[in-house]
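*Asks:* Structure file data_24.txt, compact mmCIF, C-alpha atoms and all ligand atoms, is pasted below:
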```txt
# COMPACT_ATOMS: atom_id res chain seq x y z
CA MET P 1 17.74 -4.02 -26.70
CA ILE P 2 20.39 -2.91 -24.23
CA GLY P 3 18.99 -0.92 -21.32
CA ARG P 4 20.20 0.86 -18.25
CA LEU P 5 23.62 0.07 -16.78
CA ASN P 6 22.63 -1.63 -13.53
CA HIS P 7 26.01 -2.34 -11.97
CA VAL P 8 29.73 -2.78 -12.51
CA GLY P 9 31.09 -6.05 -11.15
CA VAL P 10 34.42 -5.83 -9.33
CA ALA P 11 36.19 -8.99 -8.23
CA THR P 12 38.20 -8.88 -5.03
CA PRO P 13 39.99 -11.38 -2.82
CA SER P 14 38.35 -9.68 0.18
CA ILE P 15 35.06 -7.79 0.25
CA ALA P 16 35.86 -6.65 3.79
CA GLU P 17 39.00 -4.91 2.54
CA ALA P 18 37.47 -3.69 -0.73
CA VAL P 19 34.59 -1.87 0.99
CA LEU P 20 37.12 0.08 3.02
CA VAL P 21 38.84 1.23 -0.16
CA TRP P 22 35.57 2.35 -1.74
CA ARG P 23 34.51 4.05 1.49
CA ASP P 24 37.78 5.73 2.38
CA MET P 25 39.05 6.63 -1.08
CA LEU P 26 35.81 7.67 -2.77
CA GLY P 27 33.44 8.26 0.12
CA ALA P 28 30.97 5.53 -0.85
CA ASP P 29 28.68 5.22 2.15
CA ALA P 30 25.68 3.21 0.95
CA ILE P 31 27.29 -0.20 1.49
CA ARG P 32 24.77 -2.99 1.64
CA PRO P 33 25.12 -6.20 3.68
CA THR P 34 27.31 -8.94 2.21
CA PHE P 35 25.56 -12.17 1.26
CA ASP P 36 26.46 -15.56 -0.19
CA MET P 37 25.32 -16.93 -3.54
CA VAL P 38 26.29 -20.54 -3.01
CA GLU P 39 25.21 -21.87 -6.41
CA GLN P 40 27.22 -19.18 -8.23
CA GLY P 41 30.22 -19.63 -5.96
CA VAL P 42 30.43 -15.98 -4.99
CA ARG P 43 29.99 -13.73 -1.99
CA VAL P 44 28.41 -10.40 -2.97
CA CYS P 45 28.24 -6.87 -1.60
CA PHE P 46 26.49 -4.02 -3.40
CA ILE P 47 27.46 -0.39 -3.01
CA ASP P 48 24.71 2.02 -4.04
CA LEU P 49 25.64 5.01 -6.17
CA PRO P 50 23.40 7.78 -7.49
CA ASN P 51 23.15 6.14 -10.92
CA GLY P 52 23.79 2.45 -10.33
CA GLN P 53 25.74 0.06 -8.17
CA ILE P 54 29.17 -1.48 -7.71
CA GLU P 55 28.92 -5.24 -7.15
CA LEU P 56 31.88 -6.48 -5.14
CA ILE P 57 32.33 -10.23 -5.64
CA GLU P 58 34.62 -12.55 -3.70
CA PRO P 59 35.18 -16.26 -4.34
CA LEU P 60 33.05 -18.65 -2.29
CA GLY P 61 34.18 -22.28 -2.24
CA GLU P 62 36.82 -24.25 -4.11
CA SER P 63 35.01 -24.24 -7.46
CA SER P 64 34.22 -20.53 -7.58
CA PRO P 65 34.50 -19.15 -11.13
CA LEU P 66 36.40 -16.20 -9.66
CA HIS P 67 39.52 -18.20 -8.81
CA GLY P 68 40.79 -18.03 -12.39
CA PHE P 69 40.20 -14.29 -12.60
CA LEU P 70 41.98 -13.67 -9.29
CA ALA P 71 44.88 -15.89 -10.35
CA ARG P 72 45.37 -13.49 -13.28
CA ASN P 73 44.52 -10.39 -11.20
CA PRO P 74 45.62 -11.15 -7.65
CA ARG P 75 44.52 -7.79 -6.25
CA GLY P 76 41.14 -8.01 -7.97
CA GLY P 77 39.79 -5.76 -10.68
CA GLN P 78 36.88 -4.88 -12.90
CA HIS P 79 35.11 -8.13 -13.78
CA HIS P 80 31.87 -7.46 -15.68
CA LEU P 81 29.28 -4.88 -16.71
CA CYS P 82 25.59 -5.55 -16.16
CA PHE P 83 22.82 -4.02 -18.24
CA GLU P 84 19.07 -4.35 -17.82
CA VAL P 85 16.97 -5.75 -20.67
CA GLU P 86 13.21 -5.90 -21.08
CA ASP P 87 13.05 -9.56 -22.10
CA ILE P 88 15.89 -11.83 -21.08
CA ILE P 89 14.82 -14.77 -23.25
CA ALA P 90 14.28 -12.70 -26.39
CA THR P 91 17.62 -10.99 -25.79
CA ARG P 92 19.39 -14.32 -25.32
CA ASP P 93 17.86 -15.74 -28.49
CA ALA P 94 18.78 -12.64 -30.50
CA LEU P 95 22.38 -12.82 -29.28
CA MET P 96 22.65 -16.51 -30.08
CA ALA P 97 21.21 -15.87 -33.54
CA LYS P 98 24.08 -13.41 -34.05
CA GLY P 99 26.57 -16.11 -33.12
CA ALA P 100 27.27 -15.12 -29.52
CA THR P 101 27.90 -17.76 -26.89
CA ILE P 102 25.86 -17.46 -23.71
CA LEU P 103 27.53 -18.94 -20.65
CA ASN P 104 25.85 -21.69 -18.59
CA ALA P 105 24.65 -23.28 -21.87
CA GLY P 106 22.32 -20.35 -22.45
CA GLN P 107 20.27 -21.04 -19.34
CA PRO P 108 19.33 -17.94 -17.32
CA ARG P 109 20.07 -18.14 -13.61
CA ILE P 110 18.66 -16.10 -10.79
CA GLY P 111 21.13 -13.32 -10.13
CA ALA P 112 21.98 -11.25 -7.10
CA HIS P 113 18.92 -9.03 -7.60
CA GLY P 114 16.53 -12.00 -7.65
CA VAL P 115 15.83 -11.75 -11.38
CA PRO P 116 17.07 -13.97 -14.26
CA VAL P 117 20.50 -13.14 -15.66
CA ILE P 118 22.71 -14.39 -18.48
CA PHE P 119 26.39 -13.82 -19.24
CA VAL P 120 27.79 -13.30 -22.74
CA ARG P 121 31.18 -14.84 -23.48
CA PRO P 122 33.83 -12.09 -23.39
CA ALA P 123 35.35 -13.22 -26.69
CA ASP P 124 32.08 -12.18 -28.40
CA MET P 125 32.13 -8.72 -26.80
CA GLY P 126 35.61 -7.36 -27.34
CA GLY P 127 36.97 -8.97 -24.21
CA VAL P 128 34.30 -7.58 -21.86
CA LEU P 129 32.21 -9.97 -19.78
CA ILE P 130 28.63 -8.76 -20.13
CA GLU P 131 25.85 -9.68 -17.73
CA LEU P 132 22.30 -9.03 -18.86
CA MET P 133 19.51 -9.03 -16.30
CA ALA P 134 15.76 -8.89 -16.54
CA LYS P 135 14.58 -5.44 -15.57
CA PRO P 136 13.84 -5.53 -11.85
CA GLU P 137 10.55 -4.20 -10.50
CA GLU P 138 12.41 -1.78 -8.34
CA THR P 139 15.83 -0.62 -9.53
CA HIS P 140 17.53 -0.63 -6.13
CO CO Q 1 26.77 -8.80 -11.66
```
Would you mind writing the file's structure down as C-alpha cells?
Ligand code: CO
*Replies:*
Amino acid sequence: MIGRLNHVGVATPSIAEAVLVWRDMLGADAIRPTFDMVEQGVRVCFIDLPNGQIELIEPLGESSPLHGFLARNPRGGQHHLCFEVEDIIATRDALMAKGATILNAGQPRIGAHGVPVIFVRPADMGGVLIELMAKPEETH
C-alpha cells in the first residue's frame, strides 16, 4: 500500500535561513514560495528535487505542533517522511486495524499539496513520524 516517497519534512526555526543552507550547501535552486497553513500551525516551503521534495516547515502561531519538536531540536531537524497512497481512507482503516494510532483522531486533513493527508503516530513506526497523502493528480 505504500507508494512513492513524496517529500521529506524538515522542521526549522526559520525557513528564510534554512533555504539559504539548502541553496548554498547543496545547490538546491528550485525553491518554491513560502506559504502559511494556518489550521495546521505551520509555514511551509517546498524545495523541488529530481525525485521528490524537501518540505521546510516553521512554526506558525502559539499553538503550532512544531514548538515541542523545536524545543527538543532547537536548530531544527528531520521531522517526517511522506509517502503517496492510492486510497487514503482504505490505508487509514488498514493501519488502524493493525493497531496503529492515526493522529487528529484518524480524520484526514487537507495537506500542503491540496490533497487529504494523515499522520501515523511515531511510536507505531519505530519512532518515525509518517505522513501519508492521497496521490496527487500531478506529482509536483
Ligand atoms: Co509533509
*Asks:* Please measure the separation of CA of Ser64 (chain P) and CA of Asn104 (chain P), giving the value in Å to one decimal.
*Replies:*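 Distance between the two atoms: 13.9 Å.
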*Asks:* Identify, counting all atoms listed in the file, the protein, DNA and RNA residues located within 10 Å of ligand CO 1 (chain Q), and give them as number ranges by chain.
*Replies:* P: 6-10, 44, 46, 53-57, 79-83, 111-113, 117-119, 129-133
*Asks:* Which distance in Å separates CA of Lys135 (chain P) and CA of Val85 (chain P), to one decimal?
*Replies:*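 So the answer is 5.6 Å.
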*Asks:* Using only C-alpha atoms, collect all residues at a distance of at most 7 Å from (33.4, 0.6, 0.1) as written in the file, then present them as number ranges by chain.
*Replies:* P: 18-23, 28-29, 31, 47
*Asks:* Within 12 Å of Ile102 (chain P), counting all atoms listed in the file, which residues qualify if same-chain residues fewer than 2 places away don't, as a ChimeraX atom specification?
*Replies:* /P:88-89,91-100,104-109,117-125,129-132
*Asks:* Using only C-alpha atoms, which residue out of P:Pro33, P:Gly52, P:Pro65, P:Pro74 lies closest to Leu5 (chain P)?
*Replies:*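 Looking at the shortest contact to Leu5 (chain P), the residue is P:Gly52.
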*Asks:* Go through P:Gly61, P:Pro50, P:Gly27, P:Gly76 and flag the residue nearest Ser14 (chain P), using all atoms listed in the file for the distances.
*Replies:*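 For Ser14 (chain P), the nearest of the candidates is P:Gly76.
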*Asks:* Counting only C-alpha atoms, which residue out of P:Val115, P:Val42, P:Ala16, P:Ala134 sits closest to Glu62 (chain P)?
*Replies:*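 Checking each of P:Val115, P:Val42, P:Ala16, P:Ala134 against Glu62 (chain P), counting only C-alpha atoms, the winner is P:Val42.
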*Asks:* State, in Å with one decimal place, the distance from CA of Asn73 (chain P) to CA of Gln40 (chain P).
*Replies:* 19.6 Å
*Asks:* Between P:Gln78, P:Asn51, P:Asp24, P:Ile110, which is the closest to Glu39 (chain P) once you count only C-alpha atoms?
*Replies:*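 Distance minimum relative to Glu39 (chain P) lands on P:Ile110.
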*Asks:* Could you model N, CA and C atoms for region 91-105 of chain P and present them as a short mmCIF file (atom, residue, chain, number, x, y, z; two decimals), in the frame of the given file?
*Replies:*
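Output file rebuild_7.cif is given in full below:
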```
data_model
loop_
_atom_site.label_atom_id
_atom_site.label_comp_id
_atom_site.auth_asym_id
_atom_site.auth_seq_id
_atom_site.Cartn_x
_atom_site.Cartn_y
_atom_site.Cartn_z
N THR P 91 16.27 -11.53 -25.65
CA THR P 91 17.62 -10.99 -25.79
C THR P 91 18.63 -12.12 -25.99
N ARG P 92 18.50 -13.17 -25.18
CA ARG P 92 19.39 -14.32 -25.32
C ARG P 92 19.29 -14.91 -26.73
N ASP P 93 18.05 -15.12 -27.18
CA ASP P 93 17.86 -15.74 -28.49
C ASP P 93 18.42 -14.86 -29.60
N ALA P 94 18.25 -13.55 -29.48
CA ALA P 94 18.78 -12.64 -30.50
C ALA P 94 20.30 -12.69 -30.52
N LEU P 95 20.91 -12.75 -29.34
CA LEU P 95 22.38 -12.82 -29.28
C LEU P 95 22.88 -14.12 -29.88
N MET P 96 22.22 -15.22 -29.55
CA MET P 96 22.65 -16.51 -30.08
C MET P 96 22.48 -16.55 -31.60
N ALA P 97 21.43 -15.92 -32.10
CA ALA P 97 21.21 -15.87 -33.54
C ALA P 97 22.33 -15.10 -34.24
N LYS P 98 22.95 -14.17 -33.49
CA LYS P 98 24.08 -13.41 -34.05
C LYS P 98 25.40 -14.11 -33.83
N GLY P 99 25.35 -15.31 -33.26
CA GLY P 99 26.57 -16.11 -33.12
C GLY P 99 27.25 -15.99 -31.77
N ALA P 100 26.65 -15.26 -30.83
CA ALA P 100 27.27 -15.12 -29.52
C ALA P 100 27.07 -16.39 -28.70
N THR P 101 28.02 -16.65 -27.83
CA THR P 101 27.90 -17.76 -26.89
C THR P 101 27.45 -17.22 -25.54
N ILE P 102 26.37 -17.82 -25.02
CA ILE P 102 25.86 -17.46 -23.71
C ILE P 102 26.37 -18.49 -22.71
N LEU P 103 26.96 -18.02 -21.64
CA LEU P 103 27.53 -18.94 -20.65
C LEU P 103 26.41 -19.72 -19.97
N ASN P 104 26.81 -20.79 -19.25
CA ASN P 104 25.85 -21.69 -18.59
C ASN P 104 24.89 -22.32 -19.62
N ALA P 105 25.43 -22.63 -20.80
CA ALA P 105 24.65 -23.28 -21.87
C ALA P 105 23.39 -22.50 -22.22
#
```
